[in-house]
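Have a look at target-v5.csv; it's CSV, C-alpha atoms and all ligand atoms:
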chain,number,residue,atom,x,y,z
A,132,MET,CA,0.0,0.0,0.0
A,133,ALA,CA,1.1,3.5,-0.7
A,134,ALA,CA,2.8,5.6,2.0
A,135,LEU,CA,0.8,8.6,3.2
A,136,ASN,CA,2.2,12.0,2.3
A,137,GLN,CA,3.9,13.0,5.6
A,138,ASN,CA,3.6,16.8,5.0
A,139,ILE,CA,-0.2,16.4,4.5
A,140,LEU,CA,-0.5,14.2,7.6
A,141,VAL,CA,1.4,16.7,9.8
A,142,ALA,CA,-0.8,19.5,8.6
A,143,GLU,CA,-3.9,17.4,9.3
A,144,MET,CA,-2.7,16.4,12.8
A,145,THR,CA,-1.9,20.1,13.6
A,146,ALA,CA,-5.4,21.2,12.5
A,147,TRP,CA,-7.1,18.4,14.6
A,148,ARG,CA,-4.9,19.2,17.6
A,149,ARG,CA,-5.7,22.9,17.5
A,150,ASP,CA,-9.4,22.1,17.1
A,151,LEU,CA,-9.3,19.8,20.1
A,152,HIS,CA,-7.4,22.4,22.1
A,153,ALA,CA,-10.0,25.1,21.3
A,154,HIS,CA,-12.8,22.8,22.5
A,155,PRO,CA,-11.5,21.1,25.7
A,156,GLU,CA,-13.8,18.9,27.7
A,157,PHE,CA,-13.4,17.7,31.4
A,158,GLY,CA,-13.2,14.0,32.3
A,159,PHE,CA,-16.2,11.9,31.4
A,160,GLU,CA,-17.6,14.9,29.5
A,161,GLU,CA,-15.6,14.3,26.3
A,162,LYS,CA,-18.7,14.1,24.1
A,163,ARG,CA,-17.5,16.3,21.3
A,164,THR,CA,-14.0,14.9,21.5
A,165,SER,CA,-15.1,11.2,21.4
A,166,ALA,CA,-17.4,11.9,18.5
A,167,PHE,CA,-14.5,13.7,16.7
A,168,VAL,CA,-12.3,10.6,17.3
A,169,ALA,CA,-14.9,8.1,16.2
A,170,ASP,CA,-15.7,10.1,13.0
A,171,LYS,CA,-12.1,10.1,12.0
A,172,LEU,CA,-11.6,6.4,12.7
A,173,ARG,CA,-14.6,5.5,10.6
A,174,GLU,CA,-13.4,7.7,7.8
A,175,TYR,CA,-10.1,5.8,7.7
A,176,GLY,CA,-12.0,2.5,7.3
A,177,LEU,CA,-11.2,0.8,10.6
A,178,ASP,CA,-12.8,-2.6,11.0
A,179,GLU,CA,-14.7,-1.6,14.1
A,180,VAL,CA,-15.3,1.6,16.0
A,181,VAL,CA,-17.1,1.5,19.3
A,182,GLU,CA,-18.1,4.5,21.3
A,183,GLY,CA,-19.3,4.8,24.9
A,184,VAL,CA,-16.8,2.4,26.3
A,185,GLY,CA,-16.4,3.3,30.0
A,186,GLY,CA,-18.5,6.4,29.5
A,187,THR,CA,-17.0,8.5,26.8
A,188,GLY,CA,-14.1,6.2,25.7
A,189,VAL,CA,-13.7,5.0,22.1
A,190,VAL,CA,-12.0,1.8,20.9
A,191,GLY,CA,-11.1,1.4,17.2
A,192,THR,CA,-10.0,-1.9,15.8
A,193,LEU,CA,-7.8,-2.4,12.7
A,194,ARG,CA,-7.0,-5.9,11.4
A,195,ARG,CA,-4.5,-7.0,8.8
A,196,GLY,CA,-3.1,-10.5,7.9
A,197,SER,CA,-3.9,-13.6,9.9
A,198,SER,CA,-2.0,-13.3,13.2
A,199,ASN,CA,-4.0,-13.6,16.4
A,200,ARG,CA,-1.8,-11.2,18.2
A,201,ALA,CA,-3.1,-7.8,19.2
A,202,VAL,CA,-1.4,-4.6,20.3
A,203,ALA,CA,-3.2,-1.7,21.9
A,204,LEU,CA,-2.2,2.0,21.6
A,205,ARG,CA,-3.7,4.4,24.1
A,206,ALA,CA,-4.3,8.1,24.1
A,207,ASP,CA,-6.1,10.2,26.8
A,208,MET,CA,-8.7,12.8,25.8
A,209,ASP,CA,-9.6,14.9,28.8
A,210,ALA,CA,-8.8,18.5,29.8
A,211,LEU,CA,-8.4,20.2,33.2
A,212,ARG,CA,-10.5,22.8,35.1
A,213,ILE,CA,-7.9,25.5,34.5
A,214,THR,CA,-8.5,28.9,32.9
A,215,GLU,CA,-6.1,29.2,29.9
A,216,GLN,CA,-3.8,32.3,29.8
A,217,GLY,CA,-2.3,31.6,26.4
A,218,ASN,CA,-3.6,34.0,23.7
A,219,HIS,CA,-2.9,32.0,20.6
A,220,GLU,CA,-5.7,31.5,18.0
A,221,HIS,CA,-6.6,28.0,19.2
A,222,ALA,CA,-6.9,29.0,22.9
A,223,SER,CA,-9.7,27.4,24.8
A,224,ARG,CA,-13.2,28.6,23.9
A,225,THR,CA,-14.7,27.0,27.0
A,226,PRO,CA,-14.2,29.2,30.1
A,227,GLY,CA,-12.4,27.5,32.9
A,228,VAL,CA,-11.4,24.4,31.0
A,229,MET,CA,-8.2,23.9,29.1
A,230,HIS,CA,-5.9,21.2,27.6
A,231,ALA,CA,-3.1,22.0,30.0
A,232,CYS,CA,-1.6,18.4,29.9
A,233,GLY,CA,-1.4,18.0,26.2
A,234,HIS,CA,-4.1,15.3,25.9
A,235,ASP,CA,-5.2,17.2,22.7
A,236,GLY,CA,-1.8,16.3,21.2
A,237,HIS,CA,-2.0,12.7,22.4
A,238,THR,CA,-5.4,12.3,20.8
A,239,ALA,CA,-4.3,13.9,17.5
A,240,MET,CA,-1.1,11.8,17.2
A,241,LEU,CA,-2.9,8.6,17.8
A,242,LEU,CA,-5.5,9.5,15.2
A,243,GLY,CA,-2.5,10.2,12.9
A,244,ALA,CA,-1.1,6.7,13.6
A,245,ALA,CA,-4.5,5.2,12.9
A,246,LYS,CA,-4.7,7.0,9.5
A,247,MET,CA,-1.1,5.9,8.7
A,248,LEU,CA,-1.6,2.2,9.7
A,249,ALA,CA,-5.0,2.0,8.0
A,250,ALA,CA,-3.6,3.4,4.7
A,251,GLU,CA,-0.2,1.7,4.8
A,252,GLY,CA,-0.6,-1.5,6.7
A,253,GLY,CA,2.8,-3.1,7.2
A,254,PHE,CA,1.7,-5.3,10.1
A,255,ASP,CA,0.1,-8.7,10.7
A,256,GLY,CA,-2.5,-8.9,13.5
A,257,THR,CA,-4.9,-6.6,15.3
A,258,VAL,CA,-4.4,-3.0,16.5
A,259,ARG,CA,-6.7,-1.6,19.2
A,260,PHE,CA,-6.8,2.2,19.3
A,261,VAL,CA,-7.9,3.0,22.9
A,262,PHE,CA,-9.0,6.6,23.5
A,263,GLN,CA,-9.7,6.9,27.2
A,264,PRO,CA,-11.7,9.4,29.1
A,265,ALA,CA,-10.9,11.1,32.5
A,266,GLU,CA,-7.2,10.4,32.9
A,267,GLU,CA,-6.7,13.3,35.2
A,268,TRP,CA,-9.2,11.9,37.6
A,269,GLY,CA,-7.5,8.5,37.6
A,270,LYS,CA,-10.9,7.0,36.8
A,271,GLY,CA,-11.1,6.7,33.1
A,272,ALA,CA,-9.0,3.6,32.5
A,273,LEU,CA,-10.8,1.7,35.3
A,274,ALA,CA,-14.2,2.8,33.7
A,275,MET,CA,-13.1,1.2,30.4
A,276,LEU,CA,-11.8,-1.9,32.1
A,277,ASP,CA,-15.0,-2.2,34.2
A,278,ASP,CA,-17.0,-1.9,30.9
A,279,GLY,CA,-15.3,-5.1,29.6
A,280,LEU,CA,-12.4,-3.6,27.6
A,281,MET,CA,-10.2,-6.7,27.9
A,282,ARG,CA,-13.1,-9.1,27.1
A,283,ARG,CA,-14.7,-7.1,24.3
A,284,PHE,CA,-11.5,-5.9,22.7
A,285,PRO,CA,-8.7,-8.3,23.9
A,286,PHE,CA,-5.0,-7.3,23.4
A,287,ASP,CA,-1.7,-8.8,24.4
A,288,GLU,CA,0.2,-5.6,25.2
A,289,ILE,CA,-0.3,-1.9,25.3
A,290,TYR,CA,1.8,1.3,24.7
A,291,GLY,CA,1.2,4.9,25.5
A,292,LEU,CA,3.0,8.3,25.2
A,293,HIS,CA,3.0,11.5,27.2
A,294,ASN,CA,4.6,14.8,26.1
A,295,MET,CA,7.3,16.1,28.5
A,296,PRO,CA,8.1,19.8,28.9
A,297,GLY,CA,11.8,20.4,29.2
A,298,LEU,CA,12.7,17.4,27.1
A,299,PRO,CA,13.8,18.6,23.6
A,300,VAL,CA,11.4,18.0,20.7
A,301,GLY,CA,12.5,14.8,18.9
A,302,HIS,CA,13.6,13.1,22.2
A,303,PHE,CA,12.2,9.9,23.6
A,304,GLU,CA,12.6,8.7,27.2
A,305,THR,CA,11.4,5.8,29.2
A,306,ARG,CA,12.7,3.1,31.6
A,307,SER,CA,12.0,-0.5,32.4
A,308,GLY,CA,10.3,-1.2,35.8
A,309,PRO,CA,8.7,1.5,37.9
A,310,LEU,CA,8.4,4.8,36.0
A,311,MET,CA,5.7,6.8,37.7
A,312,SER,CA,4.4,6.8,41.2
A,313,ALA,CA,1.2,5.8,43.0
A,314,GLU,CA,-0.9,8.6,44.3
A,315,ASP,CA,-2.7,8.3,47.6
A,316,ASN,CA,-4.9,11.0,49.2
A,317,PHE,CA,-5.5,11.4,52.9
A,318,GLU,CA,-7.7,13.4,55.2
A,319,ILE,CA,-7.0,13.5,58.9
A,320,VAL,CA,-9.8,14.9,61.1
A,321,LEU,CA,-9.0,16.2,64.6
A,322,GLU,CA,-11.7,16.7,67.2
A,323,GLY,CA,-11.3,18.6,70.4
A,324,LEU,CA,-13.4,21.3,72.1
A,325,GLY,CA,-13.4,24.9,70.8
A,326,GLY,CA,-13.7,27.9,73.0
A,327,HIS,CA,-12.7,31.5,73.8
A,328,ALA,CA,-9.3,32.5,72.5
A,329,ALA,CA,-8.6,34.1,75.9
A,330,ARG,CA,-9.3,30.9,77.8
A,331,PRO,CA,-7.5,28.0,76.0
A,332,HIS,CA,-7.2,26.0,79.3
A,333,VAL,CA,-11.0,25.6,79.4
A,334,GLY,CA,-11.4,23.8,76.1
A,335,ARG,CA,-9.3,21.3,74.0
A,336,GLU,CA,-8.4,23.4,71.0
A,337,VAL,CA,-7.1,21.5,67.9
A,338,LEU,CA,-5.0,24.0,66.0
A,339,VAL,CA,-1.7,23.5,67.9
A,340,ALA,CA,-2.4,19.7,67.8
A,341,ALA,CA,-2.9,19.9,64.0
A,342,CYS,CA,0.3,21.8,63.5
A,343,ALA,CA,2.1,19.1,65.5
A,344,VAL,CA,0.6,16.4,63.3
A,345,VAL,CA,1.7,18.3,60.2
A,346,THR,CA,5.2,18.5,61.5
A,347,ASN,CA,5.3,14.9,62.6
A,348,LEU,CA,4.1,13.7,59.3
A,349,GLN,CA,7.4,14.9,57.8
A,350,THR,CA,9.1,12.1,59.7
A,351,ILE,CA,7.4,9.4,57.5
A,352,ALA,CA,9.6,9.9,54.5
A,353,ALA,CA,12.6,11.2,56.4
A,354,ARG,CA,12.7,8.7,59.3
A,355,ARG,CA,10.2,5.9,59.1
A,356,LEU,CA,10.6,4.5,55.6
A,357,ASN,CA,13.6,2.6,54.2
A,358,PRO,CA,15.8,5.3,52.6
A,359,ALA,CA,16.1,3.1,49.6
A,360,ASP,CA,12.4,3.6,48.9
A,361,VAL,CA,11.3,6.8,47.2
A,362,ALA,CA,8.3,8.4,48.8
A,363,VAL,CA,6.7,11.9,49.2
A,364,VAL,CA,4.2,12.8,51.9
A,365,SER,CA,2.8,16.3,51.3
A,366,VAL,CA,0.2,18.1,53.5
A,367,THR,CA,-1.6,20.5,51.2
A,368,GLU,CA,-4.5,21.9,53.3
A,369,LEU,CA,-5.2,22.7,57.0
A,370,ILE,CA,-8.8,23.8,57.6
A,371,THR,CA,-10.3,24.6,61.1
A,372,ASP,CA,-13.6,26.0,62.4
A,373,GLY,CA,-11.8,28.7,64.4
A,374,THR,CA,-12.3,32.4,63.9
A,375,ARG,CA,-10.6,35.6,65.0
A,376,ASN,CA,-11.2,35.2,68.8
A,377,ALA,CA,-12.4,31.6,69.0
A,378,LEU,CA,-10.2,28.5,69.2
A,379,PRO,CA,-11.1,25.7,66.8
A,380,GLY,CA,-12.5,22.4,68.1
A,381,HIS,CA,-12.4,20.7,64.7
A,382,ALA,CA,-9.6,20.6,62.1
A,383,ARG,CA,-9.0,18.8,58.8
A,384,ILE,CA,-5.6,18.1,57.4
A,385,LEU,CA,-5.6,17.0,53.7
A,386,GLY,CA,-2.7,15.8,51.6
A,387,ASP,CA,-1.2,13.6,49.0
A,388,ALA,CA,1.4,10.8,49.2
A,389,ARG,CA,3.5,9.2,46.4
A,390,SER,CA,5.3,5.9,46.3
A,391,PHE,CA,6.4,3.3,43.8
A,392,ARG,CA,5.5,0.0,45.6
A,393,PRO,CA,2.3,-1.1,47.3
A,394,GLU,CA,4.2,-2.1,50.4
A,395,VAL,CA,5.5,1.4,50.7
A,396,SER,CA,2.0,2.9,50.3
A,397,ALA,CA,0.7,0.5,53.0
A,398,GLU,CA,3.6,1.6,55.3
A,399,ILE,CA,2.9,5.3,54.8
A,400,GLU,CA,-0.7,4.7,55.8
A,401,ARG,CA,0.2,2.7,58.9
A,402,GLN,CA,2.7,5.3,60.1
A,403,MET,CA,0.3,8.1,59.4
A,404,ARG,CA,-2.3,6.5,61.7
A,405,ILE,CA,0.3,6.1,64.4
A,406,ILE,CA,1.4,9.7,64.1
A,407,ALA,CA,-2.1,11.2,63.9
A,408,GLU,CA,-3.7,9.2,66.7
A,409,GLY,CA,-0.6,9.5,69.0
A,410,THR,CA,-0.1,13.2,68.5
A,411,ALA,CA,-3.8,14.0,68.9
A,412,LEU,CA,-3.7,12.0,72.2
A,413,ALA,CA,-0.8,14.0,73.5
A,414,TYR,CA,-2.9,17.2,72.9
A,415,ASN,CA,-6.0,15.7,74.5
A,416,CYS,CA,-7.8,15.5,71.2
A,417,THR,CA,-8.8,12.6,68.9
A,418,ALA,CA,-7.8,11.9,65.3
A,419,SER,CA,-9.3,9.8,62.5
A,420,VAL,CA,-7.5,9.1,59.2
A,421,ALA,CA,-9.2,8.4,55.8
A,422,TYR,CA,-6.7,7.1,53.3
A,423,SER,CA,-7.5,6.4,49.7
A,424,ARG,CA,-5.5,5.1,46.7
A,425,GLU,CA,-6.2,7.1,43.6
A,426,PHE,CA,-3.5,6.0,41.1
A,427,VAL,CA,-1.4,2.8,41.2
A,428,PRO,CA,2.3,2.9,40.4
A,429,LEU,CA,3.2,2.7,36.7
A,430,VAL,CA,5.5,-0.2,36.1
A,431,ASN,CA,6.9,-0.8,32.6
A,432,ASP,CA,7.4,-4.4,31.4
A,433,ALA,CA,11.1,-5.2,30.6
A,434,ASP,CA,10.3,-6.9,27.2
A,435,ALA,CA,7.8,-4.3,26.2
A,436,THR,CA,10.3,-1.5,27.1
A,437,ALA,CA,13.0,-3.2,25.0
A,438,ALA,CA,10.5,-3.4,22.1
A,439,ALA,CA,9.6,0.3,22.6
A,440,LEU,CA,13.2,1.3,22.5
A,441,ALA,CA,13.8,-0.8,19.4
A,442,ALA,CA,10.8,0.8,17.6
A,443,ALA,CA,12.0,4.3,18.8
A,444,ALA,CA,15.3,3.6,17.1
A,445,GLY,CA,13.5,3.8,13.8
A,446,VAL,CA,11.9,7.2,14.6
A,447,PHE,CA,14.4,9.2,16.8
A,448,GLU,CA,18.1,9.9,16.5
A,449,PRO,CA,20.2,7.5,18.6
A,450,GLN,CA,21.4,10.3,20.9
A,451,ALA,CA,17.8,11.5,21.5
A,452,ILE,CA,16.7,8.1,23.0
A,453,ASN,CA,17.1,7.6,26.7
A,454,GLY,CA,16.1,4.1,28.0
A,455,LYS,CA,17.2,4.9,31.5
A,456,GLY,CA,14.9,7.9,32.4
A,457,GLU,CA,14.4,9.1,35.9
A,458,LEU,CA,11.6,8.0,38.3
A,459,VAL,CA,8.9,10.6,38.2
A,460,THR,CA,6.7,11.2,41.3
A,461,ALA,CA,3.7,12.1,39.2
A,462,SER,CA,1.0,9.6,38.5
A,463,GLU,CA,-0.7,8.2,35.3
A,464,ASP,CA,-3.9,6.4,34.8
A,465,PHE,CA,-2.2,4.2,32.1
A,466,ALA,CA,-0.9,2.2,35.0
A,467,ARG,CA,-4.3,0.5,35.3
A,468,PHE,CA,-3.9,-1.2,31.9
A,469,LEU,CA,-0.5,-2.5,33.0
A,470,ASP,CA,-2.3,-4.4,35.7
A,471,HIS,CA,-3.8,-6.6,33.0
A,472,VAL,CA,-1.2,-6.8,30.2
A,473,PRO,CA,2.5,-6.0,29.8
A,474,GLY,CA,3.3,-2.7,28.1
A,475,CYS,CA,5.4,0.4,28.1
A,476,PHE,CA,4.7,4.1,28.7
A,477,ALA,CA,7.2,6.6,27.4
A,478,TYR,CA,7.8,10.4,27.1
A,479,ILE,CA,8.3,12.5,24.0
A,480,GLY,CA,9.9,15.9,24.1
A,481,ASN,CA,7.6,19.0,24.2
A,482,GLY,CA,10.6,21.3,24.0
A,483,GLU,CA,12.8,23.2,26.5
A,484,ALA,CA,10.7,26.4,26.2
A,485,SER,CA,7.4,24.6,27.0
A,486,ALA,CA,5.4,25.8,30.0
A,487,PRO,CA,5.1,23.0,32.6
A,488,LEU,CA,2.2,20.6,32.5
A,489,HIS,CA,-1.0,21.9,34.2
A,490,ASN,CA,0.2,25.5,33.8
A,491,PRO,CA,-2.3,28.0,32.4
A,492,ARG,CA,0.2,28.8,29.6
A,493,PHE,CA,0.9,25.3,28.6
A,494,ASP,CA,0.5,24.3,24.9
A,495,PHE,CA,1.2,21.0,23.2
A,496,ASN,CA,4.1,21.4,20.7
A,497,ASP,CA,2.8,20.5,17.2
A,498,ALA,CA,6.3,19.7,16.1
A,499,ALA,CA,6.1,16.6,18.3
A,500,LEU,CA,2.9,15.2,16.6
A,501,ILE,CA,4.8,13.4,13.9
A,502,HIS,CA,7.2,11.8,16.5
A,503,GLY,CA,4.2,10.4,18.4
A,504,ALA,CA,2.3,9.1,15.4
A,505,SER,CA,5.4,7.6,13.9
A,506,PHE,CA,6.4,5.9,17.2
A,507,HIS,CA,2.8,4.4,17.5
A,508,ALA,CA,3.0,3.0,14.0
A,509,ALA,CA,6.6,1.7,14.5
A,510,ILE,CA,5.8,-0.2,17.7
A,511,VAL,CA,2.8,-1.9,15.9
A,512,ARG,CA,5.0,-2.9,13.0
A,513,HIS,CA,7.8,-4.1,15.4
A,514,ARG,CA,5.4,-6.2,17.6
A,515,LEU,CA,3.2,-7.5,14.7
A,516,PRO,CA,5.8,-8.1,12.0
A,517,VAL,CA,4.7,-9.3,8.6
A,518,ALA,CA,6.2,-12.8,8.1
B,601,ZN,ZN,-2.2,15.9,33.6
B,602,ZN,ZN,-1.5,14.1,31.1

Since I need it in another form, could you write the structure as structure tokens?
Ligand SMILES: [Zn+2]
Ligand SMILES: [Zn+2]
Amino acid sequence: MAALNQNILVAEMTAWRRDLHAHPEFGFEEKRTSAFVADKLREYGLDEVVEGVGGTGVVGTLRRGSSNRAVALRADMDALRITEQGNHEHASRTPGVMHACGHDGHTAMLLGAAKMLAAEGGFDGTVRFVFQPAEEWGKGALAMLDDGLMRRFPFDEIYGLHNMPGLPVGHFETRSGPLMSAEDNFEIVLEGLGGHAARPHVGREVLVAACAVVTNLQTIAARRLNPADVAVVSVTELITDGTRNALPGHARILGDARSFRPEVSAEIERQMRIIAEGTALAYNCTASVAYSREFVPLVNDADATAAALAAAAGVFEPQAINGKGELVTASEDFARFLDHVPGCFAYIGNGEASAPLHNPRFDFNDAALIHGASFHAAIVRHRLPVA
């Protein structure tokens, strides 16, 4: 089959990306985006396009040859509740919502790969194009899995990409084993007895107790975990019911913890309960801890990572490929798929001048679109070779 004209494909992907950027949708509300994706996949003549998988998810299937093997490629579609400050022509037209994580680019480059693979073939087997909703919530992948993704659209392995500000355009980075962390959230509630600010000895005020809890929580990562384990415990909010001249009797401490192994996450929770309850007791108050696990750690499979690096060698310059990237204490919903099949998640450069992810001035770098689309096509051809 004839190769697609790359200049035309780049122009198309750029137009799609900017259209998606101008019309961002929050997690599980990606109605326009998923319709856009499904229309394009049908236009390219995919064998099957199914909408509404896990809410607003879309799965496209493309078959060639006779192999029973199947490879999935995944993009995320959701935007964030952030007010865009960029003033380019394709800036968000929806107040308070913007593509500040580049999922518009991820969607456009996976559509580009679908168009390329549908037109050119060059593989033997099945490709599943998985467009997931609600990545930022950490809920979209589970919604698709709970909706029977693996049973209805089975695949043997899965690959995904995320743009990375600071990494030069044309660079590719990943690592075997743990790549991104789990995210746990916690809420510690302290109860005492509020009262007059002038008479603290009459009540059991909670603010000094809450400050002691916040300080003592710093000893989890510093003193209670094995130093060989990477972990972050961050308190992000402290809210009381006190006022100018009244001591609080109720306080809430909220925060976020990151780790790379379930055993470490369990130990953070255990130590947090000891600290919260013990510290509260010392201040004649009580504490209760609610601890939830929002994202699981993202762990790349060794064979799939080797395959991703081999495929990347056909797309990126040798010196622009890093197979020993750093651990990142951010989280990714892609990890949920890796609980079911082996796979690899990797970063492509969004440029050194790029604003950070989740920044109101962030914009996906359109020069990276062709790298993403080409990598997606390359990994399919590498894993589903024509005999
Ligand atoms: Zn994000
Ligand atoms: Zn993202």

Under the rule of at most 8 Å, produce a per-residue listing of chain A near ligand ZN 602 (chain B): chain, number, name, the closest pair of atoms, and the distance in Å, as a Markdown table, using all atoms listed in the file.
| residue | atom | partner | partner_atom | distance |
| --- | --- | --- | --- | --- |
| A:Asp207 | CA | B:ZN602 | ZN | 7.4 |
| A:Cys232 | CA | B:ZN602 | ZN | 4.5 |
| A:Gly233 | CA | B:ZN602 | ZN | 6.3 |
| A:His234 | CA | B:ZN602 | ZN | 5.9 |
| A:Glu266 | CA | B:ZN602 | ZN | 7.0 |
| A:Glu267 | CA | B:ZN602 | ZN | 6.7 |
| A:His293 | CA | B:ZN602 | ZN | 6.5 |
| A:Asn294 | CA | B:ZN602 | ZN | 7.9 |
| A:Glu463 | CA | B:ZN602 | ZN | 7.3 |
| A:Leu488 | CA | B:ZN602 | ZN | 7.6 |

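In this model, the gap between CA of Met295 (chain A) and CA of Arg492 (chain A) comes to 14.6 Å.
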
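CA of Arg149 (chain A) sits 15.3 Å away from CA of Lys171 (chain A).
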
Region 313-316 of chain A surroundings by only C-alpha atoms, 10 Å radius, close-in-sequence under 4 positions cut, as a ChimeraX atom specification: /A:269,362-366,385-393,395-396,399-400,421-429,460-464,466

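Between CA of Arg335 (chain A) and CA of Arg355 (chain A) the interatomic distance comes to 29.0 Å.
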
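Each of A:Ala328, A:Ala142, A:Ala509, A:Ile452 was compared to Leu298 (chain A) using all atoms listed in the file, and A:Ile452 turns out to be the nearest.
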
Best match for closeness to Asp434 (chain A) among A:Arg404, A:Arg173, A:Arg383, A:Arg514, counting all atoms listed in the file: A:Arg514

Of the listed residues A:His513, A:Lys455, A:His152, A:Arg224, that which approaches Leu310 (chain A) most closely, counting only C-alpha atoms: A:Lys455

Which of A:Arg401, A:His230, A:Arg283, A:Arg512 sits closest to ligand ZN 601 (chain B) [using all atoms listed in the file]: A:His230

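Comparing the minimum interatomic distances between Gly227 (chain A) and each of A:Ala413, A:Ala353, A:Pro491, A:Asn199, counting only C-alpha atoms, we find that A:Pro491 sits nearest.
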
Who sits within 8 Å of Arg194 (chain A), only C-alpha atoms, same chain under 6 positions skipped, as a list in words: Leu177, Asp178, Asp255, Gly256, Thr257 and Val258 of chain A

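Among the candidates A:Arg330, A:His471, A:His489, A:His302, the one nearest to ligand ZN 601 (chain B) when counting only C-alpha atoms and all ligand atoms is A:His489.
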